[in-house]
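Coordinates as given in query12.cif (mmCIF, C-alpha atoms):
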```cif
data_model
#
loop_
_atom_site.label_atom_id
_atom_site.label_comp_id
_atom_site.auth_asym_id
_atom_site.auth_seq_id
_atom_site.Cartn_x
_atom_site.Cartn_y
_atom_site.Cartn_z
CA MET S 1338 19.98 -66.25 26.81
CA ASP S 1339 16.76 -68.10 27.63
CA SER S 1340 17.34 -70.94 30.09
CA LYS S 1341 13.97 -72.53 29.19
CA ARG S 1342 14.99 -73.30 25.64
CA GLU S 1343 13.37 -76.36 24.04
CA PRO S 1344 15.75 -79.20 23.20
CA GLU S 1345 16.62 -79.53 19.53
CA ASN S 1346 15.14 -82.42 17.51
CA GLN S 1347 12.25 -82.76 19.94
CA GLY S 1348 9.56 -84.94 18.42
CA GLU S 1349 11.64 -86.18 15.48
CA GLY S 1350 11.65 -89.96 15.08
CA THR S 1351 10.53 -92.64 17.46
CA LEU S 1352 12.30 -93.40 20.71
CA ARG S 1353 14.01 -96.77 20.63
CA ALA S 1354 16.53 -98.67 22.67
CA GLU S 1355 19.96 -99.29 21.17
CA VAL S 1356 21.82 -102.23 22.65
CA ARG S 1357 25.28 -103.44 21.65
CA VAL S 1358 26.27 -106.94 22.63
CA ARG S 1359 29.89 -107.43 23.61
CA ILE S 1360 31.41 -110.65 24.89
CA SER S 1361 34.26 -110.14 27.30
CA ARG S 1362 36.63 -111.76 29.68
CA GLY S 1363 37.81 -108.59 31.36
CA ALA S 1364 38.04 -106.50 28.18
CA PRO S 1365 35.54 -107.05 25.35
CA PHE S 1366 36.84 -109.20 22.48
CA LEU S 1367 33.74 -110.09 20.47
CA GLY S 1368 31.26 -107.38 19.59
CA PRO S 1369 29.90 -105.50 16.57
CA GLY S 1370 33.35 -104.47 15.29
CA ALA S 1371 34.92 -107.90 15.62
CA VAL S 1372 31.86 -109.52 14.05
CA MET S 1373 32.05 -107.07 11.14
CA VAL S 1374 35.71 -108.05 10.60
CA LEU S 1375 34.99 -111.80 10.85
CA GLU S 1376 32.07 -111.56 8.41
CA ALA S 1377 34.23 -109.56 6.00
CA VAL S 1378 37.00 -112.20 6.20
CA ARG S 1379 34.40 -114.92 5.58
CA ASP S 1380 32.89 -113.05 2.63
CA SER S 1381 36.08 -111.72 1.02
CA GLY S 1382 38.53 -114.54 1.65
CA SER S 1383 41.30 -112.34 3.04
CA VAL S 1384 42.17 -110.15 5.99
CA ARG S 1385 43.46 -107.42 3.64
CA ALA S 1386 40.17 -107.35 1.71
CA ALA S 1387 38.24 -107.40 5.00
CA SER S 1388 40.22 -104.36 6.08
CA GLU S 1389 39.28 -102.52 2.90
CA LEU S 1390 35.62 -103.56 3.14
CA THR S 1391 35.27 -102.45 6.75
CA GLY S 1392 37.46 -99.37 6.65
CA ILE S 1393 39.45 -100.78 9.57
CA SER S 1394 43.22 -100.80 9.21
CA TYR S 1395 44.85 -104.10 8.32
CA SER S 1396 46.89 -104.11 11.53
CA LYS S 1397 43.78 -103.47 13.63
CA CYS S 1398 41.90 -106.28 11.86
CA ARG S 1399 44.79 -108.62 12.70
CA ARG S 1400 44.74 -107.45 16.35
CA ILE S 1401 40.98 -108.01 16.57
CA ILE S 1402 41.37 -111.55 15.22
CA ARG S 1403 44.35 -112.37 17.47
CA CYS S 1404 42.56 -111.02 20.55
CA ALA S 1405 39.39 -113.03 19.85
CA GLU S 1406 41.44 -116.19 19.26
CA LYS S 1407 43.43 -115.65 22.45
CA GLU S 1408 40.32 -115.08 24.58
CA LEU S 1409 38.41 -117.99 23.01
CA GLY S 1410 41.44 -120.28 23.25
CA ARG S 1411 41.06 -121.51 19.70
CA GLN S 1412 41.74 -120.56 16.11
CA ILE S 1413 38.77 -118.94 14.37
CA VAL S 1414 40.52 -117.64 11.24
CA VAL S 1415 42.75 -119.77 9.04
CA ARG S 1416 45.38 -117.82 7.13
CA ARG S 1417 47.33 -119.06 4.15
CA GLN S 1418 50.62 -117.34 3.30
CA GLY S 1419 50.60 -115.73 -0.10
CA GLY S 1420 53.13 -115.65 -2.85
CA THR S 1421 52.93 -113.44 -5.89
CA GLY S 1422 49.13 -113.55 -5.89
CA GLY S 1423 48.81 -112.83 -2.16
CA GLY S 1424 47.48 -114.95 0.66
CA SER S 1425 44.00 -115.88 1.68
CA ALA S 1426 42.02 -116.32 4.86
CA GLY S 1427 38.71 -117.74 5.97
CA LEU S 1428 36.85 -118.71 9.08
CA THR S 1429 37.50 -122.12 10.57
CA PRO S 1430 34.46 -124.30 11.33
CA GLU S 1431 34.89 -123.10 14.93
CA GLY S 1432 34.96 -119.48 13.72
CA LEU S 1433 31.74 -120.00 11.76
CA ARG S 1434 30.14 -121.57 14.84
CA VAL S 1435 31.22 -118.68 17.12
CA LEU S 1436 29.92 -116.15 14.59
CA ALA S 1437 26.56 -117.94 14.31
CA LEU S 1438 26.22 -118.20 18.11
CA TYR S 1439 27.03 -114.49 18.52
CA ARG S 1440 24.43 -113.55 15.88
CA GLU S 1441 21.81 -115.79 17.51
CA PHE S 1442 22.50 -114.30 20.95
CA ASP S 1443 22.50 -110.74 19.56
CA GLU S 1444 19.12 -111.27 17.84
CA LYS S 1445 17.60 -112.54 21.10
CA VAL S 1446 19.04 -109.63 23.11
CA GLN S 1447 17.76 -107.10 20.53
CA ALA S 1448 14.28 -108.66 20.53
CA PHE S 1449 14.17 -108.66 24.34
CA ALA S 1450 15.38 -105.05 24.53
CA ALA S 1451 12.77 -103.93 21.97
CA ARG S 1452 9.94 -105.68 23.85
CA GLU S 1453 10.99 -104.26 27.20
CA PHE S 1454 11.48 -100.77 25.81
CA ASP S 1455 8.05 -100.87 24.14
CA ARG S 1456 6.64 -101.62 27.56
CA ILE S 1457 8.18 -98.52 29.17
CA ARG S 1458 8.47 -96.11 26.21
CA GLU S 1459 5.43 -93.98 27.10
CA ARG S 1460 6.74 -93.36 30.62
CA ILE S 1461 9.98 -91.81 29.42
#
```

Can the structure from this file be put into structure tokens for me?
Amino acid sequence: MDSKREPENQGEGTLRAEVRVRISRGAPFLGPGAVMVLEAVRDSGSVRAASELTGISYSKCRRIIRCAEKELGRQIVVRRQGGTGGGSAGLTPEGLRVLALYREFDEKVQAFAAREFDRIRERI
């Protein structure tokens, strides 16, 4: 076997930085996955539908929401018990605010990372 083998995929695509923003207090509780769940709850009107939209199990969606609420110290999803037609859920005004602030922060971090990476890309 030749030990000087060229790496696969050399030259394909452009190098770029990939940054994932996670908010934590010890363990992360608000990041891309939690944001995806919260946006799906906002858009679909239920945790069950959010689970189906995201491909995340219903129980995990509930855990993600409970963990974020516990760490933030406030309710961000309002749930209404269902009867024959099922329940519903949506983001509280506080949940909408947290989601907007996360998105704003994430956009700024991504822009900063892209600028800084552009500056050093040719030296990598």

Closest atom pairs, stretch 1349-1421 of chain S residues within 10 Å of stretch 1433-1438 of chain S, all atoms listed in the file, as a tab-separated table:
```
residue	atom	partner	partner_atom	distance
S:Leu1367	CA	S:Leu1436	CA	9.3
S:Ala1371	CA	S:Leu1436	CA	9.7
S:Val1372	CA	S:Leu1436	CA	6.9
S:Met1373	CA	S:Leu1436	CA	9.9
S:Leu1375	CA	S:Leu1436	CA	7.7
S:Glu1376	CA	S:Leu1436	CA	8.0
S:Arg1379	CA	S:Leu1433	CA	8.4
S:Leu1409	CA	S:Val1435	CA	9.3
S:Ile1413	CA	S:Leu1433	CA	7.6
S:Val1414	CA	S:Leu1433	CA	9.1
```

| remark: atom CA of S:Arg1385 sits from atom CA of S:Pro1369 at a separation of 18.8 Å

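The coordinates place atom CA of S:Thr1421 at 20.0 Å from atom CA of S:Val1378.
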
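Among the candidate residues S:Tyr1439, S:Phe1366, S:Gln1418, S:Leu1428, the one lying nearest to S:Arg1403 is S:Phe1366, with distances computed using only C-alpha atoms.
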
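Here the question is which of S:Ala1451, S:Ala1364, S:Ala1354, S:Ala1377 gets nearest to S:Gly1427 using all atoms listed in the file, and that residue is S:Ala1377.
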
| atom CA of S:Glu1444 and atom CA of S:Ser1361 are how many Å apart? | 17.9 Å

Taking every listed atom of stretch 1434-1443 of chain S and adding 8 Å to each side, what centre and edge lengths in Å (one decimal) does the axis-aligned box have, as AutoDock Vina command-line options?
```
--center_x 26.5 --center_y -116.2 --center_z 17.6 --size_x 25.4 --size_y 26.8 --size_z 22.6
```

How would stretch 1436-1449 of chain S of the given structure read as a file with C-alpha atoms, as a JSON list (two decimals), in the first residue's frame?
```json
[["chain", "number", "residue", "atom", "x", "y", "z"],
["S", 1436, "LEU", "CA", -36.41, 32.18, 19.41],
["S", 1437, "ALA", "CA", -35.93, 35.58, 17.75],
["S", 1438, "LEU", "CA", -32.96, 36.42, 20.01],
["S", 1439, "TYR", "CA", -31.34, 33.05, 19.29],
["S", 1440, "ARG", "CA", -31.78, 33.56, 15.53],
["S", 1441, "GLU", "CA", -30.35, 37.09, 15.73],
["S", 1442, "PHE", "CA", -27.33, 35.88, 17.74],
["S", 1443, "ASP", "CA", -26.80, 32.90, 15.41],
["S", 1444, "GLU", "CA", -26.84, 35.16, 12.31],
["S", 1445, "LYS", "CA", -24.22, 37.44, 13.87],
["S", 1446, "VAL", "CA", -22.01, 34.51, 14.89],
["S", 1447, "GLN", "CA", -22.28, 32.98, 11.39],
["S", 1448, "ALA", "CA", -21.41, 36.30, 9.73],
["S", 1449, "PHE", "CA", -18.43, 36.80, 12.04]]
```
